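As structure tokens, the structure follows; a few thoughts come after it.
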Amino acid sequence: MSDPKRIPAIEMAGVSFSFGEETVLQGVSLTVNAGDFVGIIGPNGGGKTTLLRLALGVLKPSQGTVRLLGDAPEKSRIRAGYIPQETSSNKWFPISVIDVTLMGLLSRRSMFRPYTGDDRDKAAAILKELNLSHLENRSIGELSGGQRQKVLLARALVSEPQILFLDEPTASIDTMGQDEIYEYMRKINASGTTVVLVTHNVGAVSSYIRSVACVNRRLFYHPDGMLDDETIAATFGCPVDIIAHGLPHRVYHAHER
Amino acid sequence: MFDILHYEFMRNALLAGVLVSIACGVVGSLVVVNRLSSLAGGVAHAAYGGLGLAVFFRWPLLAGAMLFSLLASTIMGSLTAKKKERADTTVGVVWALGMAFGILMIDLTKGYFVDLMSYLFGSILAVPGQSILFMAGLDVVILVSIVLLYKELVALSYDEEFALISGVPVRALYYLVLILIALCVVVLIRVVGLILVIALFTIPASIAELFTRKLSRIMVASSILGMVFTVSGLFLSYYFNLTSGATIILVAGVCYFAALAAKRLFVKKSPDAAAPQGARP
């Protein structure tokens with residue numbers, strides 16, 4: 001088998017996607033190298049989540065090809081970790097924190113078989129690492145937004161994924177909690193996992209990401225992580241303030257590239 | 001007090017009550033946590049169309065009801081899977097259409113005097129031995145499916161997209177749930193009638209959901225609650241000479257509000273949260 005480090009984590013070529021009449025993404029080509037930390041930014045409704053779902057094979061492109069970890073997404077996505085948007089899961093569902101975490105090992109166990117004791121140990125270990133052990137038997141619905149998001153992080157990480165997708169992971173979290181999650185992302189990325197982070201919050205991610213993809217129907221990719229005002233303006237439709245107010249870590253290299 | 005057990009029809013009725021309680025305790029839990037109770041109601045009413053069709057063509061009634069409930073649940077399931085926001089409209093249409101079709105078919109059947117009441121409100125006291133075998137078989141199918149597919153069903157119910165990415169065949173599993181709902185509806189029509197099907201589907205699971213936050217325990221608890229409701233309802237209906245299906249639902253409904261009140265009064269937090277840390281069942 002070839003070295004997994006050499007195979008791009010994501011390869012998209014000429015990808016377009018439409019919901020009925022409405023074109024969400026058009027002519028998107030993107031290569032994300034293994035080990036990268038890419039931020040996908042853009043306005044709400046610009047197609048960020050769609051891009052992510054295409055990469056995971058949840059949606060099929062109307063045109064173009066998508067490869068994830070060198071294979072068709074339907075095959076390779078079990079090696080990916082995924083933290084969906086807060087709104088996608090059934091918050092009132094009766095399930096404990098440890099059982100949500102165990103769900104991350106679903107792809108490691110064949111159907112018709114229950115989780116093993118080993119699985120439970122793994123789940124407990126990752127919860128401990130994220131300082132969530134005291135919540136193990138709590139019901140997911142009783143947690144705060146930040147705690148719930150960390151549990152979903154644990155669920156994504158327990159299977160030791162090669163690539164981690166996060167869709168607006170900090171939408172309902174205060175700044176402190178956000179920094180904690182971003183710091184953890186940095187740690188995961190340093191250990192070799194590719195991280196793909198979707199966010200509409202341009203400022204907050206700037207000191208963590210290595211490359212940026214701006215998505216608003218079309219995609220502008222910046223492998224060096226630098227953004228200029230023109231791209232920002234093209235992506236968001238108007239110039240936006242890219243300085244992160246009050247945060248110690250700033251921000252984009254301005255447009256002298 | 002147990003003199004009623006001398007009657008064979010009463011023994012059959014009690015057995016039927018226990019058997020359907022297992023089926024609808026387990027499947028009803030899935031219905032409640034997936035918020036599918038209106039779909040289940042739609043399936044029950046659409047089944048009436050199947051009864052009408054069976055009457056018209058002189059088929060076995062069970063076969064007609066099963067055909068229509070399977071059709072209704074899979075059609076509604078496929079129409080609502082993608083557009084969840086339109087689900088209530090679709091369910092409403094299938095619900096009414098099934099009923100109307102059944103009534104028209106019975107109109108068209110010459111010389112047929114149908115006892116509407118027994119399908120609307122059930123006739124547990126007239127359950128034939130053949131139906132009891134069917135119920136027992138359905139219980140086996142349901143229990144085997146749940147035991148084999150428990151972790152997949154939990155994942156599907158909690159976070160469908162994550163389940164899909166983890167390699168769970170979510171479409172096939174969703175249809176399995178719909179088929180189990182349809183089969184349960186058919187047996188429930190016998191016991192409490194199609195109007196009361198949703199009640200026996202949802203009340204035990206809703207009570208259980210108040211006191212435990214784990215799907216497997218909700219399934220076990222609602223099966224037991226279902227047995228308590230059907231058996232006590234049967235006894236009450238016998239001694240007070242009341243319609244059995246309605247009495248069963250009355251018992252269940254009263255218990256539901258009692259449980260809500262009890263939770264308000266005595267349980268400050270959910271029991272799982274109050275359990276000692278690190279303890280696993």
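By convention in this document, the chains of the structure tokens carry letters A, B, ... by their order, each chain's residues are numbered from 1, and ligands are numbered from 1 in the order they are shown.
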
If the cut-off is 10 Å, can you tell me the residues of chain A near chain B, counting only C-alpha atoms? I'd like them as a ChimeraX atom specification. /A:53,56-58,73-84,88-96,98-100,102-115,124,133-142,156

Using only C-alpha atoms, determine which residues lie at most 8 Å from Thr230 (chain B), disregarding the query and same-chain residues fewer than 5 positions distant; provide the list as a VMD selection string. chain B and resid 14 17 to 18 21 248

Please produce an output containing N, CA and C atoms for each residue in the selection, written as an mmCIF file, in the first residue's frame.
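Saved file result14.cif follows:
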```cif
data_model
loop_
_atom_site.group_PDB
_atom_site.id
_atom_site.type_symbol
_atom_site.label_atom_id
_atom_site.label_comp_id
_atom_site.auth_asym_id
_atom_site.auth_seq_id
_atom_site.Cartn_x
_atom_site.Cartn_y
_atom_site.Cartn_z
ATOM 1 N N LEU B 14 -55.952 -12.164 27.552
ATOM 2 C CA LEU B 14 -54.825 -11.777 28.411
ATOM 3 C C LEU B 14 -53.503 -12.073 27.723
ATOM 4 N N GLY B 17 -52.902 -9.568 25.101
ATOM 5 C CA GLY B 17 -52.492 -8.298 25.702
ATOM 6 C C GLY B 17 -51.017 -8.287 26.054
ATOM 7 N N VAL B 18 -50.563 -9.390 26.636
ATOM 8 C CA VAL B 18 -49.152 -9.478 27.014
ATOM 9 C C VAL B 18 -48.266 -9.471 25.763
ATOM 10 N N SER B 21 -48.079 -6.148 24.100
ATOM 11 C CA SER B 21 -47.365 -5.187 24.939
ATOM 12 C C SER B 21 -45.873 -5.237 24.677
ATOM 13 N N ILE B 248 -58.639 -0.093 28.412
ATOM 14 C CA ILE B 248 -57.178 -0.209 28.445
ATOM 15 C C ILE B 248 -56.535 1.162 28.254
#
```

Please give the complete set of residues from region 35-214 of chain A that DSSP, run on the backbone, assigns to helix (DSSP H, G or I), formatted as number ranges by chain. A: 48-55, 73-79, 86-88, 97-108, 117-129, 133-135, 140-142, 145-157, 175-190, 202-205

As a compact mmCIF listing (two decimals) with N, CA, C and O atoms, in the first residue's frame, please: the residues near Gly226 (chain B) (cut-off 9 Å, only C-alpha atoms, same-chain neighbours under 5 positions excluded).
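To be explicit, this is the file written out as part-v4.txt:
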```txt
# COMPACT_ATOMS: atom_id res chain seq x y z
N GLY B 17 -52.90 -9.57 25.10
CA GLY B 17 -52.49 -8.30 25.70
C GLY B 17 -51.02 -8.29 26.05
O GLY B 17 -50.30 -7.31 25.78
N VAL B 18 -50.56 -9.39 26.64
CA VAL B 18 -49.15 -9.48 27.01
C VAL B 18 -48.27 -9.47 25.76
O VAL B 18 -47.25 -8.76 25.70
N VAL B 20 -48.87 -8.31 22.65
CA VAL B 20 -48.78 -7.02 21.94
C VAL B 20 -48.04 -5.98 22.78
O VAL B 20 -47.43 -5.08 22.23
N SER B 21 -48.08 -6.15 24.10
CA SER B 21 -47.36 -5.19 24.94
C SER B 21 -45.87 -5.24 24.68
O SER B 21 -45.19 -4.21 24.68
N ILE B 22 -45.35 -6.45 24.45
CA ILE B 22 -43.92 -6.57 24.13
C ILE B 22 -43.64 -5.88 22.80
O ILE B 22 -42.74 -5.05 22.69
N CYS B 24 -45.38 -3.59 21.13
CA CYS B 24 -45.52 -2.14 21.03
C CYS B 24 -44.70 -1.42 22.09
O CYS B 24 -44.42 -0.24 21.91
N GLY B 25 -44.24 -2.14 23.10
CA GLY B 25 -43.29 -1.50 24.02
C GLY B 25 -41.98 -1.20 23.30
O GLY B 25 -41.40 -0.12 23.43
N LEU B 200 -51.61 3.31 22.60
CA LEU B 200 -50.86 2.19 23.17
C LEU B 200 -49.41 2.17 22.66
O LEU B 200 -48.53 1.62 23.30
N PHE B 201 -49.19 2.78 21.53
CA PHE B 201 -47.83 2.92 21.01
C PHE B 201 -47.01 3.90 21.85
O PHE B 201 -45.86 3.67 22.16
N ILE B 203 -48.07 5.90 24.84
CA ILE B 203 -48.19 6.19 26.28
C ILE B 203 -47.15 5.43 27.12
O ILE B 203 -46.43 6.04 27.90
N PRO B 204 -47.01 4.10 26.94
CA PRO B 204 -46.01 3.41 27.78
C PRO B 204 -44.60 3.97 27.58
O PRO B 204 -43.88 4.23 28.56
N ALA B 205 -44.22 4.21 26.33
CA ALA B 205 -42.87 4.71 26.07
C ALA B 205 -42.69 6.13 26.61
O ALA B 205 -41.61 6.48 27.11
N ALA B 221 -39.10 -1.12 30.02
CA ALA B 221 -40.09 -0.52 30.91
C ALA B 221 -41.43 -0.35 30.20
O ALA B 221 -42.49 -0.60 30.78
N VAL B 231 -53.63 -5.80 30.93
CA VAL B 231 -54.21 -6.77 31.86
C VAL B 231 -55.19 -6.09 32.82
O VAL B 231 -56.33 -6.54 32.99
N ALA B 252 -54.22 3.53 30.74
CA ALA B 252 -52.92 4.03 30.31
C ALA B 252 -52.85 5.56 30.41
O ALA B 252 -51.86 6.12 30.90
```

Which residues are near Arg186 (chain A)? Cut-off 8 Å, only C-alpha atoms, ignore same chain within fewer than 4 positions. Put them as JSON, numbers by chain. {"A": [182, 190, 208]}

Nearest to His200 (chain A): which of A:Gly20, A:Pro8, A:Gly39, A:Gly145 is it, counting only C-alpha atoms?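 Selected residue with least distance to His200 (chain A): A:Gly39.
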
In terms of the shortest atom-to-atom distance over only C-alpha atoms, which of B:Val170, B:Leu234, B:Ala100, B:Ala63 is closest to Asn12 (chain B)?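 Smallest separation from Asn12 (chain B) among the options: B:Leu234.
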
Which residues are close to Ile179 (chain B), i.e. within 12 Å by only C-alpha atoms, leaving aside same-chain residues fewer than 4 positions away? Reply as a PDB file with C-alpha atoms, in the first residue's frame.
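around.pdb, freshly written:
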```
ATOM      1  CA  VAL B  27     -41.458  -0.519  18.596  1.00  0.00           C
ATOM      2  CA  VAL B  31     -41.727   5.633  17.539  1.00  0.00           C
ATOM      3  CA  LEU B  39     -46.875   8.494  11.096  1.00  0.00           C
ATOM      4  CA  ALA B  40     -47.969   5.520  13.214  1.00  0.00           C
ATOM      5  CA  VAL B  43     -50.580   3.864   9.223  1.00  0.00           C
ATOM      6  CA  MET B  66     -51.343  -5.762   6.624  1.00  0.00           C
ATOM      7  CA  LEU B  67     -51.097  -4.918   2.927  1.00  0.00           C
ATOM      8  CA  PHE B  68     -52.364  -1.388   3.487  1.00  0.00           C
ATOM      9  CA  SER B  69     -50.393  -0.668   6.623  1.00  0.00           C
ATOM     10  CA  LEU B  70     -47.168  -1.821   4.956  1.00  0.00           C
ATOM     11  CA  LEU B  71     -47.953   0.269   1.874  1.00  0.00           C
ATOM     12  CA  ALA B  72     -48.902   3.309   3.923  1.00  0.00           C
ATOM     13  CA  SER B  73     -45.841   3.189   6.155  1.00  0.00           C
ATOM     14  CA  THR B  74     -43.349   2.726   3.333  1.00  0.00           C
ATOM     15  CA  ILE B  75     -45.008   5.379   1.154  1.00  0.00           C
ATOM     16  CA  MET B  76     -45.142   7.887   3.990  1.00  0.00           C
ATOM     17  CA  GLY B  77     -41.628   6.962   5.002  1.00  0.00           C
ATOM     18  CA  LEU B 138     -44.034 -10.806  15.498  1.00  0.00           C
ATOM     19  CA  VAL B 141     -39.033 -10.962  14.837  1.00  0.00           C
ATOM     20  CA  ILE B 142     -38.995  -7.646  16.707  1.00  0.00           C
ATOM     21  CA  SER B 145     -34.088  -7.350  15.104  1.00  0.00           C
ATOM     22  CA  ALA B 172     -32.656  -0.005   4.842  1.00  0.00           C
ATOM     23  CA  LEU B 173     -32.798   0.373   8.608  1.00  0.00           C
ATOM     24  CA  TYR B 174     -35.363   3.176   8.400  1.00  0.00           C
ATOM     25  CA  TYR B 175     -37.569   0.953   6.258  1.00  0.00           C
ATOM     26  CA  LEU B 183     -46.864  -4.979  11.573  1.00  0.00           C
ATOM     27  CA  CYS B 184     -47.430  -3.754  15.120  1.00  0.00           C
ATOM     28  CA  VAL B 185     -50.297  -1.590  13.954  1.00  0.00           C
ATOM     29  CA  VAL B 186     -51.994  -4.646  12.447  1.00  0.00           C
TER      30      VAL B 186
END
```

Pick out the closest residue to Asn131 (chain A) from this set: A:Thr116, A:Ser18, A:Gln147, A:Thr50. Count only C-alpha atoms.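 Once distances to Asn131 (chain A) are computed over only C-alpha atoms, the minimum belongs to A:Gln147.
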
If we count only C-alpha atoms, what is near region 47-60 of chain B at a cut-off of 10 Å, once residues fewer than 5 positions away on the same chain are taken out, given as a PyMOL selection string? chain B and resi 41-42+65-73+95-110+112+114+116+119-120+182+185-186+189+194

Any idea what's packed within 7 Å of Tyr221 (chain A), counting only C-alpha atoms, ignoring anything in its chain fewer than 4 positions away? Could you give it as a list in words?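 After dropping sequence-adjacent residues, the list is Val212, Ala213 and Cys214 of chain A.
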
Report, in Å with one decimal, the straight-line distance from CA of His222 (chain A) to CA of Leu197 (chain A).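 Taking CA of His222 (chain A) as the start and CA of Leu197 (chain A) as the end point, the length is 14.3 Å.
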